[in-house]
Amino acid sequence: MRVATFTFGLAVASAVAGPSSKAADAGRFDGLWQVLLTCPNSPDGAAAFTLDFVALVKNGLLHGEKGMAGRPGWLVLDGPIQPDGTAVLDARGITGQAPYNIRQTGRGVPYDHVVMAHFVTDRGAGTWATTRVCNFTFARS
């Protein structure tokens, strides 16, 4: 009888205490983030470029865009950030000017890259690796 009462007391205490720390951690990176993508010259001759844009993290999900959706030069970055800061993000878009593209790919070609990233309280870093390695830096706004 005492065990049942004690167990009931723990359940009530947990419910009153609010969400679990795991649920609270899911939003620890929520807010606006400044994103900088830097791609060096490519071994195949593609020119270096840098893009900067803002991303929003809400409930642990990152979303950021550069350019106009569906148009050449567009980039969208999406994915979850785990409570420990690890993230596997999807960077997809449509190529812009050919001199900046791997193998001088023409303007208007869709692409999709995996970005491996890690975040801490107010900053983060990540990379995508294709013919060249491009780096992402994240700074909380």
# chains A, B, ... in the order shown; residues from 1 in each chain; ligands from 1
>>> closest_atom_pairs(of="region 35-58 of chain A", to="region 65-84 of chain A", cutoff="8 Å", atoms="only C-alpha atoms", output="Markdown table")
| residue | atom | partner | partner_atom | distance |
| --- | --- | --- | --- | --- |
| A:Leu51 | CA | A:Lys66 | CA | 7.9 |
| A:Asp52 | CA | A:Lys66 | CA | 7.7 |
| A:Phe53 | CA | A:Lys66 | CA | 5.9 |
| A:Val54 | CA | A:Glu65 | CA | 7.3 |
| A:Ala55 | CA | A:Glu65 | CA | 7.0 |
>>> write_last_selection(atoms="N, CA and C atoms", output="mmCIF file, in the first residue's frame")
data_model
loop_
_atom_site.group_PDB
_atom_site.id
_atom_site.type_symbol
_atom_site.label_atom_id
_atom_site.label_comp_id
_atom_site.auth_asym_id
_atom_site.auth_seq_id
_atom_site.Cartn_x
_atom_site.Cartn_y
_atom_site.Cartn_z
ATOM 1 N N LEU A 51 28.237 33.188 -48.977
ATOM 2 C CA LEU A 51 26.836 33.575 -48.828
ATOM 3 C C LEU A 51 26.554 33.821 -47.358
ATOM 4 N N ASP A 52 25.763 34.837 -47.065
ATOM 5 C CA ASP A 52 25.331 35.030 -45.683
ATOM 6 C C ASP A 52 23.823 35.210 -45.675
ATOM 7 N N PHE A 53 23.198 34.652 -44.656
ATOM 8 C CA PHE A 53 21.750 34.728 -44.517
ATOM 9 C C PHE A 53 21.375 34.422 -43.076
ATOM 10 N N VAL A 54 20.104 34.569 -42.764
ATOM 11 C CA VAL A 54 19.604 34.329 -41.418
ATOM 12 C C VAL A 54 18.797 33.039 -41.416
ATOM 13 N N ALA A 55 18.943 32.267 -40.344
ATOM 14 C CA ALA A 55 18.151 31.056 -40.148
ATOM 15 C C ALA A 55 17.403 31.184 -38.828
#
>>> select_by_dssp(residues="chain A", states="helix (DSSP H, G or I)", output="list in words")
Arg2, Val3, Ala4, Thr5, Phe6, Thr7, Phe8, Gly9, Leu10, Ala11, Val12, Ala13, Ser14, Ala15, Val16, Ala17, Ser21, Lys22, Ala23, Ala24, Asp25, Ala98, Pro99, Tyr100, Ile102, Arg103 and Gln104 of chain A
>>> closest_residue(among="A:Ala125, A:Ala117, A:Cys134, A:Ala46", to="Thr105 (chain A)", atoms="only C-alpha atoms")
A:Ala46
>>> select_by_dssp(residues="region 6-140 of chain A", states="strand (DSSP E)", output="NGL selection string")
:A and (31-39 or 49-58 or 61-66 or 75-80 or 86-94 or 110-119 or 123-129 or 133-140)
>>> write_last_selection(atoms="C-alpha atoms", output="PDB file, in the first residue's frame")
ATOM      1  CA  GLY A  31      16.175  31.830 -31.999  1.00  0.00           C
ATOM      2  CA  LEU A  32      17.735  33.646 -34.922  1.00  0.00           C
ATOM      3  CA  TRP A  33      21.141  32.586 -36.234  1.00  0.00           C
ATOM      4  CA  GLN A  34      23.436  34.358 -38.686  1.00  0.00           C
ATOM      5  CA  VAL A  35      24.730  31.815 -41.227  1.00  0.00           C
ATOM      6  CA  LEU A  36      27.879  32.222 -43.295  1.00  0.00           C
ATOM      7  CA  LEU A  37      28.661  29.713 -46.071  1.00  0.00           C
ATOM      8  CA  THR A  38      32.191  29.891 -47.450  1.00  0.00           C
ATOM      9  CA  CYS A  39      33.284  27.799 -50.438  1.00  0.00           C
ATOM     10  CA  PHE A  49      32.059  32.356 -53.046  1.00  0.00           C
ATOM     11  CA  THR A  50      30.513  33.376 -49.737  1.00  0.00           C
ATOM     12  CA  LEU A  51      26.836  33.575 -48.828  1.00  0.00           C
ATOM     13  CA  ASP A  52      25.331  35.030 -45.683  1.00  0.00           C
ATOM     14  CA  PHE A  53      21.750  34.728 -44.517  1.00  0.00           C
ATOM     15  CA  VAL A  54      19.604  34.329 -41.418  1.00  0.00           C
ATOM     16  CA  ALA A  55      18.151  31.056 -40.148  1.00  0.00           C
ATOM     17  CA  LEU A  56      15.446  30.530 -37.567  1.00  0.00           C
ATOM     18  CA  VAL A  57      15.572  27.664 -35.111  1.00  0.00           C
ATOM     19  CA  LYS A  58      12.182  26.850 -33.591  1.00  0.00           C
ATOM     20  CA  LEU A  61      14.353  22.753 -36.166  1.00  0.00           C
ATOM     21  CA  LEU A  62      16.571  25.021 -38.258  1.00  0.00           C
ATOM     22  CA  HIS A  63      15.290  26.727 -41.419  1.00  0.00           C
ATOM     23  CA  GLY A  64      17.125  29.349 -43.450  1.00  0.00           C
ATOM     24  CA  GLU A  65      16.946  30.572 -47.037  1.00  0.00           C
ATOM     25  CA  LYS A  66      19.034  32.710 -49.359  1.00  0.00           C
ATOM     26  CA  LEU A  75      19.648  27.933 -51.202  1.00  0.00           C
ATOM     27  CA  VAL A  76      17.554  26.495 -48.375  1.00  0.00           C
ATOM     28  CA  LEU A  77      19.022  24.904 -45.242  1.00  0.00           C
ATOM     29  CA  ASP A  78      16.794  22.685 -43.065  1.00  0.00           C
ATOM     30  CA  GLY A  79      17.065  20.120 -40.312  1.00  0.00           C
ATOM     31  CA  PRO A  80      16.890  19.292 -36.623  1.00  0.00           C
ATOM     32  CA  THR A  86      24.756  17.694 -33.315  1.00  0.00           C
ATOM     33  CA  ALA A  87      22.890  18.338 -36.549  1.00  0.00           C
ATOM     34  CA  VAL A  88      22.553  16.705 -39.944  1.00  0.00           C
ATOM     35  CA  LEU A  89      21.124  19.423 -42.173  1.00  0.00           C
ATOM     36  CA  ASP A  90      19.903  19.367 -45.757  1.00  0.00           C
ATOM     37  CA  ALA A  91      21.254  22.128 -48.025  1.00  0.00           C
ATOM     38  CA  ARG A  92      19.413  22.175 -51.313  1.00  0.00           C
ATOM     39  CA  GLY A  93      18.873  24.737 -53.969  1.00  0.00           C
ATOM     40  CA  ILE A  94      19.298  25.762 -57.550  1.00  0.00           C
ATOM     41  CA  PRO A 110      18.943  21.605 -58.644  1.00  0.00           C
ATOM     42  CA  TYR A 111      21.419  20.354 -56.027  1.00  0.00           C
ATOM     43  CA  ASP A 112      21.233  18.742 -52.601  1.00  0.00           C
ATOM     44  CA  HIS A 113      24.072  18.385 -50.051  1.00  0.00           C
ATOM     45  CA  VAL A 114      24.264  16.979 -46.525  1.00  0.00           C
ATOM     46  CA  VAL A 115      25.706  19.385 -43.943  1.00  0.00           C
ATOM     47  CA  MET A 116      27.247  17.864 -40.825  1.00  0.00           C
ATOM     48  CA  ALA A 117      27.198  20.498 -38.065  1.00  0.00           C
ATOM     49  CA  HIS A 118      27.592  21.028 -34.354  1.00  0.00           C
ATOM     50  CA  PHE A 119      26.140  23.831 -32.222  1.00  0.00           C
ATOM     51  CA  ARG A 123      27.781  29.455 -32.184  1.00  0.00           C
ATOM     52  CA  GLY A 124      28.097  26.503 -34.503  1.00  0.00           C
ATOM     53  CA  ALA A 125      30.104  25.116 -37.405  1.00  0.00           C
ATOM     54  CA  GLY A 126      29.480  22.663 -40.178  1.00  0.00           C
ATOM     55  CA  THR A 127      30.666  21.403 -43.567  1.00  0.00           C
ATOM     56  CA  TRP A 128      29.388  19.929 -46.770  1.00  0.00           C
ATOM     57  CA  ALA A 129      31.812  17.857 -48.773  1.00  0.00           C
ATOM     58  CA  VAL A 133      34.584  21.254 -48.882  1.00  0.00           C
ATOM     59  CA  CYS A 134      32.443  24.247 -47.995  1.00  0.00           C
ATOM     60  CA  ASN A 135      32.210  25.555 -44.435  1.00  0.00           C
ATOM     61  CA  PHE A 136      29.266  26.926 -42.509  1.00  0.00           C
ATOM     62  CA  THR A 137      29.588  29.121 -39.449  1.00  0.00           C
ATOM     63  CA  PHE A 138      26.593  29.943 -37.284  1.00  0.00           C
ATOM     64  CA  ALA A 139      26.318  32.780 -34.760  1.00  0.00           C
ATOM     65  CA  ARG A 140      23.293  33.381 -32.573  1.00  0.00           C
TER      66      ARG A 140
END
>>> atom_distance(atom1="CA of Pro40 (chain A)", atom2="CA of Val120 (chain A)")
25.1 Å
>>> residues_around(residues="Asn101 (chain A)", least_positions_apart="6", cutoff="10 Å", atoms="only C-alpha atoms", output="list in words")
Asn41, Ser42, Asp44, Gly45, Ala46, Ala47, Ala48, Phe49, Thr95, Arg107 and Val109 of chain A
>>> residues_around(residues="Pro43 (chain A)", least_positions_apart="4", cutoff="9 Å", atoms="only C-alpha atoms", output="PyMOL selection string")
chain A and resi 102+131-132
